[in-house]
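With mmCIF, C-alpha atoms inside, this is my_file-v8.cif:
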```cif
data_coords
#
loop_
_atom_site.group_PDB
_atom_site.id
_atom_site.type_symbol
_atom_site.label_atom_id
_atom_site.label_comp_id
_atom_site.auth_asym_id
_atom_site.auth_seq_id
_atom_site.Cartn_x
_atom_site.Cartn_y
_atom_site.Cartn_z
ATOM 1 C CA MET A 81 120.263 76.570 75.191
ATOM 2 C CA ALA A 82 121.552 74.001 77.657
ATOM 3 C CA LEU A 83 119.937 73.879 81.079
ATOM 4 C CA GLN A 84 122.299 74.278 84.012
ATOM 5 C CA ILE A 85 122.392 71.632 86.734
ATOM 6 C CA ASP A 86 124.888 71.448 89.589
ATOM 7 C CA GLU A 87 127.835 69.148 88.950
ATOM 8 C CA ALA A 88 127.093 67.220 92.167
ATOM 9 C CA ILE A 89 123.625 66.325 90.845
ATOM 10 C CA LEU A 90 125.034 65.248 87.486
ATOM 11 C CA LYS A 91 127.526 62.954 89.213
ATOM 12 C CA LYS A 92 124.607 61.213 90.959
ATOM 13 C CA THR A 93 122.919 60.542 87.604
ATOM 14 C CA THR A 94 124.932 57.463 86.700
ATOM 15 C CA GLU A 95 122.279 55.295 85.037
ATOM 16 C CA CYS A 96 120.830 57.634 82.372
ATOM 17 C CA PRO A 97 120.026 55.599 79.243
ATOM 18 C CA ASN A 98 119.714 58.820 77.197
ATOM 19 C CA GLU A 99 123.096 60.417 77.941
ATOM 20 C CA LEU A 100 121.456 63.457 79.612
ATOM 21 C CA LYS A 101 119.922 64.679 76.356
ATOM 22 C CA CYS A 102 117.260 66.421 78.445
ATOM 23 C CA LEU A 103 119.844 69.079 79.318
ATOM 24 C CA ASN A 104 121.151 70.070 75.920
ATOM 25 C CA ARG A 105 118.371 69.362 73.441
ATOM 26 C CA ALA A 106 115.350 71.632 73.694
ATOM 27 C CA GLU A 107 113.310 69.271 71.535
ATOM 28 C CA TYR A 108 114.098 66.206 73.666
ATOM 29 C CA PRO A 109 110.837 65.022 75.235
ATOM 30 C CA LEU A 110 110.746 64.665 78.994
ATOM 31 C CA CYS A 111 108.242 62.586 80.881
ATOM 32 C CA ARG A 112 105.741 65.201 82.027
ATOM 33 C CA ALA A 113 105.737 65.912 85.753
ATOM 34 C CA GLU A 114 102.338 65.432 87.341
ATOM 35 C CA ASN A 115 100.823 68.285 89.285
ATOM 36 C CA ARG A 116 101.794 66.687 92.597
ATOM 37 C CA PRO A 117 104.581 67.595 94.994
ATOM 38 C CA PRO A 118 107.819 65.579 94.949
ATOM 39 C CA VAL A 119 108.067 62.753 97.446
ATOM 40 C CA GLY A 120 110.887 64.221 99.507
ATOM 41 C CA ASP A 121 114.171 63.542 97.776
ATOM 42 C CA TYR A 122 112.925 60.194 96.499
ATOM 43 C CA GLY A 123 111.198 61.149 93.260
ATOM 44 C CA ILE A 124 108.525 62.977 91.323
ATOM 45 C CA PHE A 125 105.354 61.598 89.799
ATOM 46 C CA VAL A 126 105.489 61.588 86.009
ATOM 47 C CA ILE A 127 103.327 60.779 83.031
ATOM 48 C CA THR A 128 105.547 58.666 80.851
ATOM 49 C CA ILE A 129 105.888 59.441 77.167
ATOM 50 C CA GLU A 130 107.330 56.141 76.037
ATOM 51 C CA ARG A 131 107.331 52.575 77.142
ATOM 52 C CA ASN A 132 111.069 52.546 77.444
ATOM 53 C CA SER A 133 113.115 50.842 80.041
ATOM 54 C CA CYS A 134 114.534 53.719 82.037
ATOM 55 C CA SER A 135 116.220 52.601 85.222
ATOM 56 C CA TYR A 136 114.944 55.718 87.011
ATOM 57 C CA LYS A 137 111.255 55.173 86.193
ATOM 58 C CA ILE A 138 109.413 52.984 88.666
ATOM 59 C CA PRO A 139 105.750 51.986 88.773
ATOM 60 C CA PHE A 140 103.801 53.385 91.697
ATOM 61 C CA GLY A 141 100.180 52.298 91.838
ATOM 62 C CA TYR A 142 98.487 53.543 88.674
ATOM 63 C CA SER A 143 101.259 56.066 88.050
ATOM 64 C CA HIS A 144 105.031 56.215 87.710
ATOM 65 C CA MET A 145 107.721 57.901 89.718
ATOM 66 C CA CYS A 146 110.981 59.220 88.369
ATOM 67 C CA LYS A 147 113.880 59.021 90.755
ATOM 68 C CA CYS A 148 116.461 60.524 88.375
ATOM 69 C CA PRO A 149 118.450 63.160 90.290
ATOM 70 C CA THR A 150 118.787 65.368 87.201
ATOM 71 C CA ARG A 151 115.088 65.119 86.313
ATOM 72 C CA MET A 152 114.131 66.010 89.880
ATOM 73 C CA GLU A 153 116.417 69.044 89.801
ATOM 74 C CA LEU A 154 114.912 70.143 86.473
ATOM 75 C CA TYR A 155 111.499 70.009 88.112
ATOM 76 C CA LYS A 156 112.550 71.857 91.253
ATOM 77 C CA ARG A 157 114.636 74.523 89.552
ATOM 78 C CA HIS A 158 112.915 75.034 86.191
ATOM 79 C CA LYS A 159 109.410 73.588 86.793
ATOM 80 C CA LYS A 160 109.886 71.289 83.777
#
```
Give the structure from this file in structure tokens form.
Amino acid sequence: MALQIDEAILKKTTECPNELKCLNRAEYPLCRAENRPPVGDYGIFVITIERNSCSYKIPFGYSHMCKCPTRMELYKRHKK
């Protein structure tokens, strides 16, 4: 089942290297959100699953932040 995200959010997600597979493939692995609150509208802390070059993943101290608008909405709306 495909996850629903507002069209306005999807239009902001212009740099996805994975063609938004996180929305329509249940088996597609997401970077796991850390048990920390989002940093405003800037991003969420994640535990990365791969050492890929995602333009939305940025190092932050000993962790990483994800600033992907779609990933943030998935966290806020679906706690994924």
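If only C-alpha atoms are the atoms counted, then among A:Leu154, A:Leu83, A:Met145, A:Ile129 the closest residue to Cys111 (chain A) is A:Ile129.
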I would like the residues chosen by the PyMOL selection byres ((chain A and resi 104-110) around 8) on the shown file; could you give them as a list in words? Met81, Ala82, Leu83, Leu100, Lys101, Cys102, Leu103, Cys111, Arg112 and Ile129 of chain A
For the structure shown, which residues end up in the PyMOL selection byres ((chain A and resi 149) around 9)? Put them as a list in words, please? Ile89, Leu90, Lys92, Thr93, Asp121, Tyr122, Gly123, Tyr136, Cys146, Lys147, Cys148, Thr150, Arg151, Met152, Glu153 and Leu154 of chain A
For C-alpha atoms, I'd like the residues from the last selection saved as a compact mmCIF listing (two decimals), keeping the file's coordinate frame.
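What follows is the written file result-v1.txt:
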```
# COMPACT_ATOMS: atom_id res chain seq x y z
CA ILE A 89 123.62 66.32 90.84
CA LEU A 90 125.03 65.25 87.49
CA LYS A 92 124.61 61.21 90.96
CA THR A 93 122.92 60.54 87.60
CA ASP A 121 114.17 63.54 97.78
CA TYR A 122 112.92 60.19 96.50
CA GLY A 123 111.20 61.15 93.26
CA TYR A 136 114.94 55.72 87.01
CA CYS A 146 110.98 59.22 88.37
CA LYS A 147 113.88 59.02 90.76
CA CYS A 148 116.46 60.52 88.38
CA THR A 150 118.79 65.37 87.20
CA ARG A 151 115.09 65.12 86.31
CA MET A 152 114.13 66.01 89.88
CA GLU A 153 116.42 69.04 89.80
CA LEU A 154 114.91 70.14 86.47
```
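Closest approach to His144 (chain A) among A:Glu87, A:Lys160, A:Glu130, A:Gly120 is made by A:Glu130 (distances from all atoms listed in the file).
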Using 3 Å of padding on each side, determine the axis-aligned box around all atoms of region 93-97 of chain A present in the file and give its centre and edge lengths in Å to one decimal, as JSON.
```
{"center_x": 122.5, "center_y": 57.9, "center_z": 83.4, "size_x": 10.9, "size_y": 11.2, "size_z": 14.4}
```
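With only C-alpha atoms as the atoms that count, the minimum distance from Val126 (chain A) to the choices A:Lys91, A:Pro97, A:Arg157, A:Ser143 is reached by A:Ser143.
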Atoms are missing here; could region 119-132 of chain A be completed with N, CA, C and O atoms and written as a tab-separated table (two decimals), keeping the file's coordinate frame?
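Saved as selection.tsv:
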```tsv
chain	number	residue	atom	x	y	z
A	119	VAL	N	108.08	63.58	96.24
A	119	VAL	CA	108.07	62.75	97.45
A	119	VAL	C	109.45	62.89	98.10
A	119	VAL	O	110.35	62.10	97.84
A	120	GLY	N	109.60	63.94	98.88
A	120	GLY	CA	110.89	64.22	99.51
A	120	GLY	C	111.98	64.30	98.47
A	120	GLY	O	111.84	64.94	97.44
A	121	ASP	N	113.07	63.62	98.74
A	121	ASP	CA	114.17	63.54	97.78
A	121	ASP	C	114.13	62.22	97.01
A	121	ASP	O	115.08	61.89	96.32
A	122	TYR	N	113.01	61.51	97.14
A	122	TYR	CA	112.92	60.19	96.50
A	122	TYR	C	112.57	60.27	95.02
A	122	TYR	O	113.13	59.58	94.20
A	123	GLY	N	111.59	61.10	94.66
A	123	GLY	CA	111.20	61.15	93.26
A	123	GLY	C	110.02	62.07	93.02
A	123	GLY	O	109.44	62.63	93.94
A	124	ILE	N	109.69	62.20	91.74
A	124	ILE	CA	108.52	62.98	91.32
A	124	ILE	C	107.61	62.06	90.53
A	124	ILE	O	108.05	61.10	89.89
A	125	PHE	N	106.32	62.35	90.59
A	125	PHE	CA	105.35	61.60	89.80
A	125	PHE	C	105.40	62.12	88.37
A	125	PHE	O	105.43	63.33	88.14
A	126	VAL	N	105.42	61.20	87.41
A	126	VAL	CA	105.49	61.59	86.01
A	126	VAL	C	104.46	60.83	85.18
A	126	VAL	O	104.01	59.75	85.55
A	127	ILE	N	104.13	61.44	84.06
A	127	ILE	CA	103.33	60.78	83.03
A	127	ILE	C	104.32	60.39	81.95
A	127	ILE	O	104.95	61.27	81.33
A	128	THR	N	104.50	59.12	81.76
A	128	THR	CA	105.55	58.67	80.85
A	128	THR	C	105.14	58.90	79.40
A	128	THR	O	103.98	58.83	79.04
A	129	ILE	N	106.15	59.17	78.57
A	129	ILE	CA	105.89	59.44	77.17
A	129	ILE	C	106.17	58.23	76.29
A	129	ILE	O	105.67	58.14	75.19
A	130	GLU	N	106.99	57.34	76.80
A	130	GLU	CA	107.33	56.14	76.04
A	130	GLU	C	107.32	54.94	76.96
A	130	GLU	O	107.46	55.07	78.17
A	131	ARG	N	107.22	53.81	76.37
A	131	ARG	CA	107.33	52.58	77.14
A	131	ARG	C	108.77	52.08	77.07
A	131	ARG	O	109.05	50.99	76.63
A	132	ASN	N	109.66	52.93	77.47
A	132	ASN	CA	111.07	52.55	77.44
A	132	ASN	C	111.48	51.98	78.79
A	132	ASN	O	110.77	52.08	79.76
```
